[in-house]
$ cat input11.txt   # compact mmCIF, C-alpha atoms and all ligand atoms
# COMPACT_ATOMS: atom_id res chain seq x y z
CA MET Q 1 -7.44 -0.22 18.56
CA SER Q 2 -8.48 2.31 21.12
CA THR Q 3 -5.72 4.70 20.19
CA ARG Q 4 -6.54 4.56 16.49
CA PRO Q 5 -6.40 8.12 15.12
CA GLU Q 6 -9.29 9.95 13.65
CA LYS Q 7 -9.64 9.52 9.94
CA PRO Q 8 -7.84 12.40 8.29
CA ALA Q 9 -8.69 14.74 5.48
CA GLU Q 10 -8.52 13.17 2.04
CA GLU Q 11 -5.50 13.75 -0.07
CA SER Q 12 -5.16 15.54 -3.30
CA GLY Q 13 -6.11 14.54 -6.76
CA GLU Q 14 -3.70 13.42 -9.41
CA LYS Q 15 -2.45 16.87 -10.27
CA PRO Q 16 -2.02 19.58 -7.66
CA THR Q 17 -4.46 21.73 -9.64
CA ALA Q 18 -7.13 19.05 -9.38
CA VAL Q 19 -6.95 18.84 -5.62
CA THR Q 20 -10.35 18.43 -4.12
CA THR Q 21 -10.42 17.79 -0.45
CA THR Q 22 -13.18 16.18 1.46
CA LYS Q 23 -13.07 15.58 5.13
CA GLY Q 24 -13.56 11.99 6.07
CA ALA Q 25 -15.66 11.15 9.07
CA GLY Q 26 -14.08 12.88 12.03
CA ALA Q 27 -11.35 14.37 9.87
CA SER Q 28 -8.83 16.48 11.63
CA ALA Q 29 -7.73 19.38 9.48
CA GLU Q 30 -4.77 20.33 11.69
CA ARG Q 31 -2.91 17.06 11.33
CA GLU Q 32 0.03 17.17 8.96
CA PRO Q 33 0.74 14.10 6.88
CA ILE Q 34 3.86 12.17 7.80
CA LEU Q 35 4.30 11.17 4.16
CA GLU Q 36 3.13 13.11 1.10
CA VAL Q 37 3.39 11.47 -2.29
CA ARG Q 38 2.70 13.58 -5.36
CA ASP Q 39 2.49 12.55 -9.02
CA LEU Q 40 4.82 9.63 -8.47
CA VAL Q 41 5.88 7.96 -11.70
CA LYS Q 42 8.03 4.89 -12.33
CA HIS Q 43 8.60 3.78 -15.90
CA PHE Q 44 10.87 0.80 -16.42
CA PRO Q 45 12.63 1.09 -19.78
CA LEU Q 46 11.99 -1.70 -22.30
CA THR Q 47 15.15 -2.34 -24.28
CA GLN Q 48 16.09 -4.31 -27.37
CA GLY Q 49 19.47 -5.51 -28.63
CA ILE Q 50 22.28 -7.46 -27.00
CA LEU Q 51 25.39 -5.39 -27.55
CA VAL Q 52 23.79 -2.04 -28.20
CA LYS Q 53 20.68 -1.63 -26.11
CA ARG Q 54 17.97 0.55 -27.57
CA GLN Q 55 14.98 1.70 -25.57
CA ILE Q 56 11.85 0.69 -27.44
CA GLY Q 57 9.28 1.63 -24.83
CA ALA Q 58 8.57 1.61 -21.12
CA VAL Q 59 6.57 -0.37 -18.61
CA LYS Q 60 4.46 2.27 -16.91
CA ALA Q 61 4.36 0.50 -13.57
CA VAL Q 62 3.37 3.59 -11.60
CA ASP Q 63 2.00 6.49 -13.58
CA GLY Q 64 1.16 9.53 -11.50
CA ILE Q 65 0.10 8.49 -8.01
CA SER Q 66 -0.66 10.93 -5.19
CA PHE Q 67 -1.61 10.19 -1.61
CA ASP Q 68 -0.92 11.21 1.98
CA LEU Q 69 -0.16 9.04 4.97
CA TYR Q 70 -1.08 10.45 8.38
CA PRO Q 71 0.57 9.70 11.72
CA GLY Q 72 -0.81 6.59 13.34
CA GLU Q 73 -3.09 5.59 10.48
CA THR Q 74 -3.17 2.60 8.19
CA LEU Q 75 -3.52 3.29 4.50
CA GLY Q 76 -4.40 0.13 2.62
CA ILE Q 77 -3.51 -0.19 -1.04
CA VAL Q 78 -5.42 -2.79 -3.05
CA GLY Q 79 -5.40 -3.83 -6.67
CA GLU Q 80 -4.81 -6.81 -8.92
CA SER Q 81 -1.41 -8.32 -9.53
CA GLY Q 82 0.76 -6.06 -11.68
CA CYS Q 83 -1.09 -2.80 -10.94
CA GLY Q 84 2.06 -1.30 -9.42
CA LYS Q 85 1.53 -1.78 -5.67
CA SER Q 86 4.98 -3.23 -4.98
CA THR Q 87 6.63 -0.60 -7.13
CA VAL Q 88 5.01 2.12 -5.00
CA ALA Q 89 6.40 0.38 -1.90
CA LYS Q 90 9.88 0.17 -3.42
CA LEU Q 91 9.78 3.85 -4.40
CA LEU Q 92 8.86 4.81 -0.84
CA MET Q 93 11.73 2.70 0.45
CA HIS Q 94 14.18 4.17 -2.08
CA LEU Q 95 14.76 0.69 -3.48
CA GLU Q 96 13.79 2.16 -6.86
CA ARG Q 97 14.34 5.67 -8.13
CA PRO Q 98 11.24 7.43 -9.41
CA THR Q 99 11.04 8.64 -12.99
CA SER Q 100 9.35 11.77 -11.63
CA GLY Q 101 7.22 12.97 -8.76
CA THR Q 102 7.98 13.75 -5.13
CA ILE Q 103 7.97 11.99 -1.78
CA LYS Q 104 7.96 14.20 1.31
CA TYR Q 105 8.58 12.95 4.82
CA LYS Q 106 7.34 15.38 7.49
CA GLY Q 107 7.34 18.15 4.91
CA GLU Q 108 10.92 17.50 3.70
CA ASP Q 109 11.43 16.40 0.11
CA ILE Q 110 13.25 13.07 0.37
CA THR Q 111 12.82 11.98 -3.24
CA HIS Q 112 16.44 12.37 -4.23
CA LEU Q 113 18.24 11.95 -0.92
CA SER Q 114 21.31 9.73 -0.84
CA GLY Q 115 24.11 8.67 1.49
CA ARG Q 116 23.91 9.66 5.11
CA ALA Q 117 20.84 11.87 4.77
CA LEU Q 118 18.94 8.98 3.20
CA ARG Q 119 20.09 6.56 5.91
CA GLU Q 120 18.71 8.89 8.58
CA VAL Q 121 15.31 9.07 6.89
CA ARG Q 122 15.26 5.36 6.03
CA ARG Q 123 15.61 4.61 9.69
CA ASN Q 124 12.10 5.97 10.16
CA ILE Q 125 10.58 4.11 7.23
CA GLN Q 126 10.93 0.35 7.34
CA MET Q 127 9.53 -2.46 5.27
CA VAL Q 128 7.96 -5.82 5.99
CA PHE Q 129 8.14 -8.13 3.00
CA GLN Q 130 5.67 -10.58 1.57
CA ASP Q 131 7.38 -13.89 1.75
CA PRO Q 132 8.87 -14.81 5.12
CA TYR Q 133 10.31 -17.96 3.52
CA THR Q 134 12.66 -16.10 1.20
CA SER Q 135 13.14 -12.72 2.83
CA LEU Q 136 15.12 -14.05 5.81
CA ASN Q 137 18.71 -15.13 5.23
CA PRO Q 138 18.77 -18.89 6.03
CA ARG Q 139 22.43 -18.75 7.16
CA MET Q 140 21.88 -16.10 9.80
CA THR Q 141 20.50 -16.68 13.26
CA VAL Q 142 17.34 -14.89 14.26
CA GLY Q 143 19.42 -12.71 16.57
CA ASP Q 144 21.67 -11.64 13.68
CA ILE Q 145 18.71 -11.04 11.36
CA ILE Q 146 16.81 -8.85 13.80
CA GLY Q 147 19.98 -7.11 15.01
CA GLU Q 148 21.43 -6.43 11.55
CA PRO Q 149 19.90 -2.93 11.27
CA PHE Q 150 21.92 -1.99 14.38
CA ASP Q 151 25.11 -2.42 12.29
CA ILE Q 152 23.99 0.50 10.14
CA HIS Q 153 22.67 2.51 13.08
CA PRO Q 154 24.92 1.55 16.02
CA ASP Q 155 23.63 4.53 18.01
CA VAL Q 156 20.26 2.78 18.45
CA ALA Q 157 21.87 -0.21 20.18
CA PRO Q 158 25.54 -0.14 21.23
CA LYS Q 159 27.29 -3.49 20.70
CA GLY Q 160 27.06 -4.65 24.31
CA ASP Q 161 23.34 -3.94 24.42
CA ARG Q 162 22.27 -5.67 21.21
CA ARG Q 163 21.44 -9.09 22.54
CA ARG Q 164 19.11 -7.63 25.12
CA LYS Q 165 17.47 -5.37 22.50
CA VAL Q 166 16.93 -8.28 20.13
CA GLN Q 167 15.42 -10.37 22.92
CA GLU Q 168 13.10 -7.50 23.77
CA LEU Q 169 12.01 -7.36 20.13
CA LEU Q 170 11.38 -11.11 20.06
CA ASP Q 171 9.22 -10.71 23.12
CA VAL Q 172 7.33 -7.75 21.59
CA VAL Q 173 6.36 -9.82 18.54
CA GLY Q 174 5.28 -12.78 20.64
CA LEU Q 175 8.29 -15.07 20.19
CA ASN Q 176 10.30 -16.69 22.94
CA PRO Q 177 13.43 -14.54 23.56
CA GLU Q 178 15.36 -17.77 24.06
CA TYR Q 179 14.99 -18.52 20.34
CA ILE Q 180 17.62 -15.90 19.58
CA ASN Q 181 20.20 -18.42 18.35
CA ARG Q 182 17.85 -20.42 16.14
CA TYR Q 183 17.77 -20.30 12.36
CA PRO Q 184 14.79 -19.30 10.16
CA HIS Q 185 14.08 -22.89 9.04
CA GLN Q 186 13.29 -23.79 12.64
CA PHE Q 187 10.23 -21.52 12.58
CA SER Q 188 6.79 -21.74 11.02
CA GLY Q 189 5.63 -19.23 8.37
CA GLY Q 190 3.76 -17.10 10.89
CA GLN Q 191 6.72 -17.09 13.26
CA ARG Q 192 9.03 -16.09 10.42
CA GLN Q 193 6.81 -13.16 9.57
CA ARG Q 194 6.99 -12.17 13.24
CA ILE Q 195 10.78 -12.20 12.87
CA GLY Q 196 10.47 -9.98 9.79
CA ILE Q 197 8.27 -7.60 11.77
CA ALA Q 198 10.72 -7.56 14.70
CA ARG Q 199 13.50 -6.65 12.29
CA GLY Q 200 11.33 -3.89 10.84
CA LEU Q 201 10.77 -2.54 14.35
CA ALA Q 202 14.42 -2.68 15.43
CA LEU Q 203 15.18 0.95 14.61
CA ARG Q 204 11.89 2.16 16.11
CA PRO Q 205 10.53 3.50 12.82
CA GLU Q 206 7.51 5.74 12.48
CA ILE Q 207 6.30 4.23 9.22
CA ILE Q 208 6.09 0.60 8.15
CA VAL Q 209 5.47 -0.26 4.53
CA ALA Q 210 4.07 -3.79 4.53
CA ASP Q 211 3.95 -5.36 1.08
CA GLU Q 212 1.52 -8.28 1.14
CA PRO Q 213 2.71 -9.21 4.64
CA VAL Q 214 0.26 -12.07 5.13
CA SER Q 215 -0.39 -13.30 1.58
CA ALA Q 216 2.08 -16.18 1.85
CA LEU Q 217 0.64 -17.41 5.16
CA ASP Q 218 -2.09 -19.91 5.95
CA VAL Q 219 -5.46 -18.26 6.44
CA SER Q 220 -5.51 -19.32 10.09
CA VAL Q 221 -2.19 -17.57 10.70
CA GLN Q 222 -3.02 -14.43 8.72
CA ALA Q 223 -5.36 -13.10 11.41
CA GLN Q 224 -2.73 -13.60 14.12
CA VAL Q 225 -0.15 -11.60 12.19
CA VAL Q 226 -2.64 -8.84 11.33
CA ASN Q 227 -3.71 -8.66 14.98
CA LEU Q 228 -0.07 -8.43 16.02
CA MET Q 229 0.47 -5.58 13.57
CA GLU Q 230 -2.52 -3.73 15.01
CA LYS Q 231 -1.25 -4.22 18.54
CA LEU Q 232 2.20 -2.92 17.58
CA GLN Q 233 0.66 0.04 15.82
CA ASP Q 234 -1.11 1.10 18.98
CA GLU Q 235 1.92 0.39 21.15
CA PHE Q 236 4.44 2.30 19.03
CA GLY Q 237 2.19 4.83 17.26
CA LEU Q 238 3.16 3.46 13.86
CA SER Q 239 1.80 4.57 10.50
CA TYR Q 240 1.22 1.68 8.13
CA MET Q 241 1.04 1.47 4.42
CA PHE Q 242 -0.55 -1.95 4.02
CA ILE Q 243 -0.42 -3.38 0.52
CA ALA Q 244 -2.51 -6.42 -0.31
CA HIS Q 245 -4.83 -7.91 -2.86
CA ASP Q 246 -7.17 -9.38 -0.26
CA LEU Q 247 -9.94 -6.81 0.18
CA SER Q 248 -11.25 -8.29 3.42
CA ILE Q 249 -7.89 -8.13 5.19
CA VAL Q 250 -7.29 -4.60 3.94
CA ARG Q 251 -10.67 -3.51 5.24
CA HIS Q 252 -9.99 -5.08 8.61
CA ILE Q 253 -6.77 -3.20 9.21
CA SER Q 254 -7.11 0.04 7.22
CA ASP Q 255 -8.41 3.45 8.18
CA ARG Q 256 -8.33 4.51 4.56
CA VAL Q 257 -8.00 2.55 1.37
CA GLY Q 258 -6.61 3.37 -2.09
CA VAL Q 259 -7.60 1.22 -5.06
CA MET Q 260 -4.98 0.94 -7.81
CA TYR Q 261 -5.50 -0.07 -11.42
CA LEU Q 262 -2.75 -0.24 -14.03
CA GLY Q 263 -0.35 2.20 -12.39
CA LYS Q 264 -2.98 4.71 -11.30
CA MET Q 265 -5.11 5.32 -8.25
CA ALA Q 266 -8.73 4.68 -9.20
CA GLU Q 267 -10.38 5.66 -5.92
CA ILE Q 268 -9.35 6.57 -2.41
CA GLY Q 269 -11.28 7.15 0.79
CA THR Q 270 -12.07 5.90 4.26
CA ASP Q 271 -12.81 2.21 4.57
CA GLU Q 272 -16.51 3.01 4.82
CA GLN Q 273 -16.42 5.22 1.72
CA ILE Q 274 -14.62 2.61 -0.34
CA TYR Q 275 -16.37 -0.54 0.87
CA GLU Q 276 -19.90 0.74 1.41
CA HIS Q 277 -20.07 3.62 -1.09
CA PRO Q 278 -17.65 2.92 -3.95
CA THR Q 279 -18.22 5.13 -6.98
CA HIS Q 280 -15.53 3.83 -9.36
CA PRO Q 281 -16.64 0.93 -11.56
CA TYR Q 282 -13.36 -0.91 -10.95
CA THR Q 283 -13.80 -0.79 -7.16
CA GLN Q 284 -17.39 -1.94 -7.59
CA ALA Q 285 -16.26 -4.87 -9.71
CA LEU Q 286 -13.53 -5.83 -7.23
CA LEU Q 287 -15.96 -5.71 -4.33
CA SER Q 288 -18.60 -7.68 -6.14
CA ALA Q 289 -16.11 -10.54 -6.44
CA VAL Q 290 -15.45 -10.74 -2.69
CA PRO Q 291 -17.08 -13.89 -1.28
CA VAL Q 292 -19.95 -13.07 1.07
CA PRO Q 293 -20.70 -15.72 3.72
CA ASP Q 294 -24.25 -14.48 4.40
CA PRO Q 295 -26.52 -16.15 1.77
CA GLU Q 296 -29.15 -13.39 1.99
CA ALA Q 297 -26.64 -10.62 1.36
CA ARG Q 298 -25.13 -12.77 -1.40
CA ASP Q 299 -28.44 -13.18 -3.19
CA GLY Q 300 -29.14 -9.48 -3.04
CA ARG Q 301 -26.09 -8.32 -4.90
CA GLU Q 302 -25.14 -8.00 -8.48
CA ARG Q 303 -21.98 -9.80 -9.48
CA ILE Q 304 -19.94 -7.72 -11.91
CA VAL Q 305 -17.82 -9.88 -14.16
CA LEU Q 306 -15.14 -7.91 -15.93
CA GLU Q 307 -14.47 -8.75 -19.56
CA GLY Q 308 -10.96 -9.27 -20.85
CA ASP Q 309 -7.59 -9.08 -19.15
CA VAL Q 310 -5.75 -6.18 -17.60
CA PRO Q 311 -3.97 -4.43 -20.52
CA SER Q 312 -0.17 -4.35 -20.54
CA PRO Q 313 1.37 -1.48 -18.57
CA ALA Q 314 3.78 -1.15 -21.50
CA ASN Q 315 0.89 -0.11 -23.70
CA PRO Q 316 -1.93 1.17 -21.51
CA PRO Q 317 -5.20 2.45 -23.03
CA SER Q 318 -5.56 6.17 -23.72
CA GLY Q 319 -7.73 8.25 -21.42
CA CYS Q 320 -9.08 6.16 -18.58
CA ARG Q 321 -6.96 3.06 -17.99
CA PHE Q 322 -10.00 1.06 -17.01
CA ARG Q 323 -12.14 1.93 -20.03
CA THR Q 324 -11.34 -1.24 -22.02
CA ARG Q 325 -13.06 -3.32 -19.35
CA CYS Q 326 -15.68 -0.83 -18.20
CA TRP Q 327 -19.37 -1.15 -18.99
CA LYS Q 328 -19.82 2.61 -18.80
CA ALA Q 329 -17.05 3.63 -21.20
CA THR Q 330 -17.79 6.28 -23.85
CA ASP Q 331 -15.62 8.29 -26.25
CA LYS Q 332 -14.88 10.73 -23.47
CA CYS Q 333 -13.17 7.94 -21.51
CA ALA Q 334 -10.80 7.28 -24.44
CA GLU Q 335 -9.99 10.96 -24.84
CA GLU Q 336 -9.75 12.43 -21.35
CA VAL Q 337 -7.81 11.08 -18.40
CA PRO Q 338 -10.17 11.24 -15.42
CA LEU Q 339 -8.55 13.03 -12.50
CA LEU Q 340 -8.65 11.62 -9.01
CA ALA Q 341 -11.02 14.11 -7.41
CA VAL Q 342 -14.40 14.22 -5.73
CA PRO Q 343 -16.85 13.75 -8.63
CA GLU Q 344 -18.84 16.85 -9.47
CA THR Q 345 -22.10 15.02 -8.81
CA PHE Q 346 -21.18 14.70 -5.15
CA ALA Q 347 -19.10 17.86 -4.65
CA GLY Q 348 -20.12 19.79 -1.55
CA GLN Q 349 -22.57 17.10 -0.47
CA ASP Q 350 -22.42 15.52 2.92
CA THR Q 351 -22.42 11.96 1.65
CA PRO Q 352 -19.87 9.15 1.96
CA ALA Q 353 -19.92 8.97 -1.84
CA ALA Q 354 -18.13 12.35 -1.89
CA HIS Q 355 -14.57 11.04 -1.98
CA PRO Q 356 -11.91 11.09 -4.73
CA SER Q 357 -12.73 8.77 -7.62
CA ALA Q 358 -11.02 8.87 -11.02
CA CYS Q 359 -14.09 8.23 -13.17
CA HIS Q 360 -15.98 10.53 -15.56
CA PHE Q 361 -19.19 8.73 -14.68
CA ALA Q 362 -18.69 8.03 -10.99
CA GLU Q 363 -21.85 6.98 -9.20
CA GLU Q 364 -22.84 4.72 -6.38
CA LYS Q 365 -24.01 1.28 -7.29
CA ALA Q 366 -26.53 0.13 -4.77
CA ALA Q 367 -26.30 -3.55 -5.58
CA VAL Q 368 -22.70 -3.86 -4.41
CA VAL Q 369 -22.49 -5.44 -0.99
CA ALA Q 370 -19.16 -5.30 0.76
CA ALA Q 371 -18.03 -8.32 2.70
N1 LIG Q 401 12.35 -4.06 -12.48
C1 LIG Q 401 11.35 -4.08 -13.36
N2 LIG Q 401 11.57 -4.02 -14.68
C2 LIG Q 401 10.57 -4.03 -15.57
N3 LIG Q 401 9.26 -4.11 -15.23
C3 LIG Q 401 8.96 -4.19 -13.93
C4 LIG Q 401 9.98 -4.18 -12.92
N4 LIG Q 401 9.37 -4.27 -11.70
C5 LIG Q 401 8.03 -4.34 -11.94
N5 LIG Q 401 7.80 -4.28 -13.27
C6 LIG Q 401 6.48 -4.32 -13.93
O1 LIG Q 401 5.71 -3.26 -13.40
C7 LIG Q 401 4.36 -3.66 -13.26
C8 LIG Q 401 3.93 -3.45 -11.82
O2 LIG Q 401 4.61 -4.39 -11.00
P1 LIG Q 401 4.42 -4.47 -9.42
O3 LIG Q 401 5.28 -5.59 -8.92
O4 LIG Q 401 4.61 -3.14 -8.83
O5 LIG Q 401 2.87 -4.88 -9.33
P2 LIG Q 401 2.05 -5.42 -8.08
O6 LIG Q 401 0.73 -4.73 -8.14
O7 LIG Q 401 2.82 -5.29 -6.83
O8 LIG Q 401 1.86 -6.93 -8.46
P3 LIG Q 401 2.15 -8.23 -7.56
O9 LIG Q 401 1.09 -8.24 -6.53
O10 LIG Q 401 2.02 -9.35 -8.56
O11 LIG Q 401 3.54 -8.06 -7.04
C9 LIG Q 401 4.28 -5.10 -13.71
O12 LIG Q 401 3.84 -5.12 -15.05
C10 LIG Q 401 5.71 -5.59 -13.61
O13 LIG Q 401 5.96 -6.59 -14.56

$ encode --input "input11.txt" --output "structure tokens" --more "lines below"
Ligand SMILES: Nc1ncnc2c1ncn2[C@@H]1O[C@H](COP(=O)(O)OP(=O)(O)OP(=O)(O)O)[C@@H](O)[C@H]1O
Amino acid sequence: MSTRPEKPAEESGEKPTAVTTTKGAGASAEREPILEVRDLVKHFPLTQGILVKRQIGAVKAVDGISFDLYPGETLGIVGESGCGKSTVAKLLMHLERPTSGTIKYKGEDITHLSGRALREVRRNIQMVFQDPYTSLNPRMTVGDIIGEPFDIHPDVAPKGDRRRKVQELLDVVGLNPEYINRYPHQFSGGQRQRIGIARGLALRPEIIVADEPVSALDVSVQAQVVNLMEKLQDEFGLSYMFIAHDLSIVRHISDRVGVMYLGKMAEIGTDEQIYEHPTHPYTQALLSAVPVPDPEARDGRERIVLEGDVPSPANPPSGCRFRTRCWKATDKCAEEVPLLAVPETFAGQDTPAAHPSACHFAEEKAAVVAA
């Protein structure tokens, strides 16, 4: 990871007015983000009735998320199942239309692009899916699967050149180019995910959105796929948005990490800021649940057990989304939505705790030991 970029400036808060920027370690102020997401919202309508459908509410899957992605970096997104991670990925890929908010690619607003203009942008933003067992068409050969994007963008690989290009891609992801005529069922899970990655790389994108790319794989294979992704990032200068629920894997690959809870970003910062100096109670609880192999470190930490379940995104709590499970919650938390900004306590201080955290009572918790 020698070519890994410097960690960039932090992104904005939830609302443009609440923007508080801190510079992460070695932040480079001049670098422009490749992707800027502001106040992104996706509400899925809840309807009732068979013949006449009436909207009776909405699932607030993503409810005002802002972040930047910088060239060559990996932004990890973590959070429990149902917090809206996949919906963010789908919004970035234009697989879902946002209810509101904006997505900018290299400064251009791409939120509502369609047709040819969208195809051009989409070429630069590709996705790697979670489950390599279901995301590859079992009736297509590996060559057809990897080469399919060339049908939409024939300029990248003219017909006569496709076989060679696909074989090159197989080689790049560590598969034997002679496997080009095989079918997905002839490969193991890890190999299938390599095929998915090769397909994602076919159009030479700048950004890869990877939604739980290793969750469906055996632990022993996960590291190989993550290492491959790191190698490809360095080789092709890719920016990754790496979505996962496994905190250890996210830490391993990410330059910065965003923690999501119930459709909102709870905390965002460099991997050191989030894992060693978390200030949001939710992040602290998540980290305290990560298994620690070292018995001494394990004994020294406080295990935070959260009460209750995650509330329904169709009926989220007022104020802070996390307050119903938070040991610090007060009336203020029910009344005021905490903005994602550097907490006042740390503002202007040269401390890793000074990073955006959406908590009225953000503070470091010394007992938390990151894995
Ligand atoms: N098409 C849809 N219609 C209605 N609700 C949806 C739709 N897609 C997602 N949701 C809901 O939005 C919420 C967020 O889902 P999402 O898949 O983004 O979460 P996630 O964090 O990726 O979880 P997981 O890791 O389990 O996939 C969930 O409550 C889910 O049920």

$ residues_near_ligand --input "input11.txt" --ligand "ligand LIG 401 (chain Q)" --cutoff "9 Å" --atoms "all atoms listed in the file" --output "PyMOL selection string"
chain Q and resi 42-46+58-62+78-90+96+211-212+243-245+260-263+312-314

$ atom_distance --input "input11.txt" --atom1 "atom CA of Val257 of chain Q" --atom2 "atom CA of Glu120 of chain Q"
28.4 Å

$ atom_distance --input "input11.txt" --atom1 "atom CA of Val142 of chain Q" --atom2 "atom CA of Ile207 of chain Q"
22.6 Å

$ atom_distance --input "input11.txt" --atom1 "atom CA of Pro138 of chain Q" --atom2 "atom CA of Gly196 of chain Q"
12.7 Å

$ residues_around --input "input11.txt" --residues "segment 125-129 of chain Q" --least-positions-apart "6" --cutoff "8 Å" --atoms "all atoms listed in the file" --output "ChimeraX atom specification"
/Q:93,135,196-197,200-201,205-213

$ residues_around --input "input11.txt" --residues "Ile34 of chain Q" --least-positions-apart "2" --cutoff "8 Å" --atoms "all atoms listed in the file" --output "list in words"
Glu32, Glu36, Asp68, Leu69, Tyr70, Pro71, Lys104, Tyr105, Lys106 and Gly107 of chain Q

$ residues_around --input "input11.txt" --residues "Val166 of chain Q" --least-positions-apart "5" --cutoff "10 Å" --atoms "all atoms listed in the file" --output "list of chain:residue names"
Q:Val142, Q:Gly143, Q:Asp144, Q:Ile145, Q:Ile146, Q:Gly147, Q:Glu148, Q:Phe150, Q:Ala157, Q:Asp161, Q:Asp171, Q:Val172, Q:Pro177, Q:Ile180, Q:Ala198, Q:Arg199, Q:Ala202

$ residues_around --input "input11.txt" --residues "Val41 of chain Q" --least-positions-apart "2" --cutoff "7 Å" --atoms "all atoms listed in the file" --output "JSON, numbers by chain"
{"Q": [39, 43, 62, 63, 64, 65, 98, 99, 100, 101]}

$ closest_residue --input "input11.txt" --among "Q:Leu203, Q:Ile304, Q:Val225, Q:Val310" --to "Gln191 of chain Q" --atoms "only C-alpha atoms"
Q:Val225

$ decode --input "input11.txt" --residues "segment 68-117 of chain Q" --atoms "C-alpha atoms" --output "mmCIF file, in the first residue's frame"
data_model
loop_
_atom_site.group_PDB
_atom_site.id
_atom_site.type_symbol
_atom_site.label_atom_id
_atom_site.label_comp_id
_atom_site.auth_asym_id
_atom_site.auth_seq_id
_atom_site.Cartn_x
_atom_site.Cartn_y
_atom_site.Cartn_z
ATOM 1 C CA ASP Q 68 -16.803 12.865 0.488
ATOM 2 C CA LEU Q 69 -14.717 10.257 -1.260
ATOM 3 C CA TYR Q 70 -11.210 11.275 -2.287
ATOM 4 C CA PRO Q 71 -9.159 9.928 -5.196
ATOM 5 C CA GLY Q 72 -7.292 6.772 -4.297
ATOM 6 C CA GLU Q 73 -8.743 6.397 -0.813
ATOM 7 C CA THR Q 74 -10.915 3.761 0.789
ATOM 8 C CA LEU Q 75 -13.897 4.975 2.737
ATOM 9 C CA GLY Q 76 -15.326 2.197 4.866
ATOM 10 C CA ILE Q 77 -18.974 2.281 5.878
ATOM 11 C CA VAL Q 78 -19.975 0.169 8.874
ATOM 12 C CA GLY Q 79 -23.206 -0.372 10.733
ATOM 13 C CA GLU Q 80 -25.663 -3.059 11.726
ATOM 14 C CA SER Q 81 -27.961 -4.801 9.291
ATOM 15 C CA GLY Q 82 -30.731 -2.491 8.097
ATOM 16 C CA CYS Q 83 -28.950 0.801 8.856
ATOM 17 C CA GLY Q 84 -29.058 1.776 5.177
ATOM 18 C CA LYS Q 85 -25.576 0.848 3.930
ATOM 19 C CA SER Q 86 -26.757 -1.006 0.834
ATOM 20 C CA THR Q 87 -29.251 1.712 0.021
ATOM 21 C CA VAL Q 88 -26.412 4.264 0.015
ATOM 22 C CA ALA Q 89 -24.515 1.998 -2.400
ATOM 23 C CA LYS Q 90 -27.546 1.658 -4.667
ATOM 24 C CA LEU Q 91 -28.087 5.425 -4.672
ATOM 25 C CA LEU Q 92 -24.474 5.990 -5.705
ATOM 26 C CA MET Q 93 -24.900 3.458 -8.491
ATOM 27 C CA HIS Q 94 -28.193 5.007 -9.636
ATOM 28 C CA LEU Q 95 -29.935 1.710 -8.953
ATOM 29 C CA GLU Q 96 -32.305 3.701 -6.726
ATOM 30 C CA ARG Q 97 -33.432 7.286 -7.133
ATOM 31 C CA PRO Q 98 -32.903 9.488 -4.097
ATOM 32 C CA THR Q 99 -35.839 11.184 -2.411
ATOM 33 C CA SER Q 100 -33.617 14.249 -2.057
ATOM 34 C CA GLY Q 101 -29.988 15.255 -1.749
ATOM 35 C CA THR Q 102 -27.154 15.462 -4.245
ATOM 36 C CA ILE Q 103 -24.352 13.284 -5.563
ATOM 37 C CA LYS Q 104 -21.504 15.043 -7.342
ATOM 38 C CA TYR Q 105 -18.841 13.285 -9.364
ATOM 39 C CA LYS Q 106 -15.737 15.441 -9.912
ATOM 40 C CA GLY Q 107 -17.792 18.520 -9.107
ATOM 41 C CA GLU Q 108 -20.631 17.694 -11.539
ATOM 42 C CA ASP Q 109 -24.082 17.040 -10.120
ATOM 43 C CA ILE Q 110 -24.976 13.549 -11.328
ATOM 44 C CA THR Q 111 -27.990 12.995 -9.076
ATOM 45 C CA HIS Q 112 -30.585 13.165 -11.811
ATOM 46 C CA LEU Q 113 -28.615 12.130 -14.875
ATOM 47 C CA SER Q 114 -30.198 9.631 -17.238
ATOM 48 C CA GLY Q 115 -29.606 8.009 -20.621
ATOM 49 C CA ARG Q 116 -26.287 8.517 -22.307
ATOM 50 C CA ALA Q 117 -24.929 11.034 -19.814
#
